[in-house]
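Enquirer: Have a look at this one before I ask anything.
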Amino acid sequence: MIKILFICHGNICRSPMAEFVFRDMVKKSGLENEIFVASAATSREEIGNPVHYGTRAKMRQMGIPMAPHRAVQMTKKDYAEYDYIIGMEHWNLRNIGRIVGRDTDQKVHLLLDYSDNPRDISDPWYTGDFDTTYGDVEEGCRGLLEYLIREHHLK
């Protein structure tokens with residue numbers, strides 16, 4: 001099983017959005033027995049808090065199911081457990097490095113590195129723009145799924 005961990009600063013906006021968007025794509029592709037998806041934070045600021053209401057509202061609007069979720073912090077152990085550790089922005093990559101050390105297995109990437117237009121995903125906690133964040137997350141998740149299907153010969 002391929003294990004994916006999405007990472008953002010607090011694990012209440014972008015990374016749970018990516019987790020649920022990607023989980024929905026995986027299920028619709030019939031690959032739920034091939035790919036495991038989770039999310040976590042690099043900070044401790046939101047630990048235990050639920051998904052941000054803006055993310056919940058956007059997921060409802062898009063018809064994407066959400067499982068119960070409370071923010072958790074990434075640990076050094078996650079590096080060994082997951083095959084791909086996917087940050088939302090460059091700042092996340094720096095903080096992932098502080099937690100896990102060197103990325104010797106090249107597991108750490110930005111989500112939009114899997115798109116035709118690599119860039120950071122802005123934090124809607126600051127911008128309030130969950131629509132743009134959703135579009136970016138969906139674009140990155142689509143590219144990531146295509147990459148996994150191709151690289152791991154899925155389907």
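A note on labels: chains of the structure tokens are A, B, ... as shown, every chain counts residues from 1, and ligands are counted from 1 in their shown order.
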In segment 60-109 of chain A, what's strand (DSSP E or B) per DSSP? Answer as a list in words?

Expert: Arg70, Gln73, Tyr84, Ile85, Ile86, Gly87, Val108 and His109 of chain A

Enquirer: Just the residues within 10 Å of Thr132 of chain A, please, counting only C-alpha atoms, with nothing from its chain fewer than 4 positions along; format it as a list in words.

Expert: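 After dropping sequence-adjacent residues, the list is Ile121, Ser122, Asp123, Pro124, Thr127, Gly128, Asp136, Val137 and Glu138 of chain A.
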
Enquirer: Name the residues in contact with segment 146-149 of chain A at a cut-off of 10 Å, using only C-alpha atoms, excluding same-chain residues fewer than 2 positions from it; report them as a list in words.

Expert: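 So the residues in contact are Ile2, Ser29, Leu31, Ile35, Tyr114, Ser115, Gly140, Cys141, Arg142, Gly143, Leu144, Glu151, His152, His153, Leu154 and Lys155 of chain A.
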
Enquirer: Please, could you write that set of residues out with C-alpha atoms as a compact mmCIF listing (two decimals), in the first residue's frame?

Expert:
```
# COMPACT_ATOMS: atom_id res chain seq x y z
CA ILE A 2 1.23 3.49 -0.90
CA SER A 29 -10.58 5.62 -9.11
CA LEU A 31 -7.72 2.52 -5.64
CA ILE A 35 -3.44 4.12 -1.40
CA TYR A 114 2.74 17.37 -9.40
CA SER A 115 0.98 20.00 -11.51
CA GLY A 140 -2.22 19.11 -7.21
CA CYS A 141 -4.18 16.05 -6.10
CA ARG A 142 -5.17 15.25 -9.68
CA GLY A 143 -1.51 15.47 -10.75
CA LEU A 144 -0.36 13.40 -7.78
CA GLU A 151 4.90 5.36 -11.42
CA HIS A 152 3.40 2.49 -9.42
CA HIS A 153 1.55 0.85 -12.33
CA LEU A 154 -1.81 1.07 -10.60
CA LYS A 155 -5.16 0.07 -12.13
```

Enquirer: Choose the residue, out of A:Tyr84, A:Leu145, A:Asp131, A:Asn49, that has the smallest atom-to-atom separation from Gln61 of chain A; count only C-alpha atoms.

Expert: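 Ranking A:Tyr84, A:Leu145, A:Asp131, A:Asn49 by distance to Gln61 of chain A, first place goes to A:Asp131.
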
Enquirer: As a list in words, please: the residues near Glu45 of chain A (cut-off 10 Å, only C-alpha atoms, same-chain neighbours under 6 positions excluded).

Expert: His9, Gly10, Asn11, Ala71, Val72 and Gln73 of chain A

Enquirer: With N, CA, C and O atoms kept, could you save the residues just selected as a PDB file, in the first residue's frame?

Expert:
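New file selection29.pdb:
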```pdb
ATOM      1  N   HIS A   9       0.698  23.936   7.906  1.00  0.00           N
ATOM      2  CA  HIS A   9       1.133  24.512   9.178  1.00  0.00           C
ATOM      3  C   HIS A   9       0.314  23.993  10.364  1.00  0.00           C
ATOM      4  O   HIS A   9       0.869  23.505  11.332  1.00  0.00           O
ATOM      5  N   GLY A  10      -1.018  24.093  10.261  1.00  0.00           N
ATOM      6  CA  GLY A  10      -1.847  23.775  11.420  1.00  0.00           C
ATOM      7  C   GLY A  10      -2.700  22.527  11.321  1.00  0.00           C
ATOM      8  O   GLY A  10      -3.290  22.099  12.300  1.00  0.00           O
ATOM      9  N   ASN A  11      -2.840  21.948  10.121  1.00  0.00           N
ATOM     10  CA  ASN A  11      -3.652  20.756   9.894  1.00  0.00           C
ATOM     11  C   ASN A  11      -5.136  20.999  10.151  1.00  0.00           C
ATOM     12  O   ASN A  11      -5.860  20.134  10.608  1.00  0.00           O
ATOM     13  N   ALA A  71      -6.720  18.041  14.400  1.00  0.00           N
ATOM     14  CA  ALA A  71      -5.340  18.346  14.011  1.00  0.00           C
ATOM     15  C   ALA A  71      -4.340  17.559  14.846  1.00  0.00           C
ATOM     16  O   ALA A  71      -4.487  17.439  16.069  1.00  0.00           O
ATOM     17  N   VAL A  72      -3.349  17.011  14.153  1.00  0.00           N
ATOM     18  CA  VAL A  72      -2.238  16.297  14.789  1.00  0.00           C
ATOM     19  C   VAL A  72      -0.933  16.861  14.233  1.00  0.00           C
ATOM     20  O   VAL A  72      -0.904  17.404  13.127  1.00  0.00           O
ATOM     21  N   GLN A  73       0.130  16.702  14.992  1.00  0.00           N
ATOM     22  CA  GLN A  73       1.434  17.146  14.523  1.00  0.00           C
ATOM     23  C   GLN A  73       2.216  15.976  13.944  1.00  0.00           C
ATOM     24  O   GLN A  73       2.200  14.865  14.475  1.00  0.00           O
TER      25      GLN A  73
END
```

Enquirer: Using only C-alpha atoms, which residue out of A:Glu46, A:Glu89, A:Asp120, A:Glu32 lies closest to Arg70 of chain A?

Expert: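 Comparing A:Glu46, A:Glu89, A:Asp120, A:Glu32 against Arg70 of chain A, the winner is A:Glu46.
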
Enquirer: How many Å separate atom CA of Gly135 of chain A from atom CA of Met1 of chain A?

Expert: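 Spanning atom CA of Gly135 of chain A to atom CA of Met1 of chain A is a straight-line distance of 27.2 Å.
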
Enquirer: What's the separation between atom CA of Cys8 of chain A and atom CA of Asp116 of chain A, in Å to one decimal place?

Expert: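 The value is 21.1 Å.
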
Enquirer: Can you tell me which residues surround Glu81 of chain A at a distance of at most 12 Å, considering only C-alpha atoms, apart from same-chain residues fewer than 5 positions away, and format the answer as a VMD selection string?

Expert: chain A and resid 1 to 5 36 to 38 74 to 76 100 107
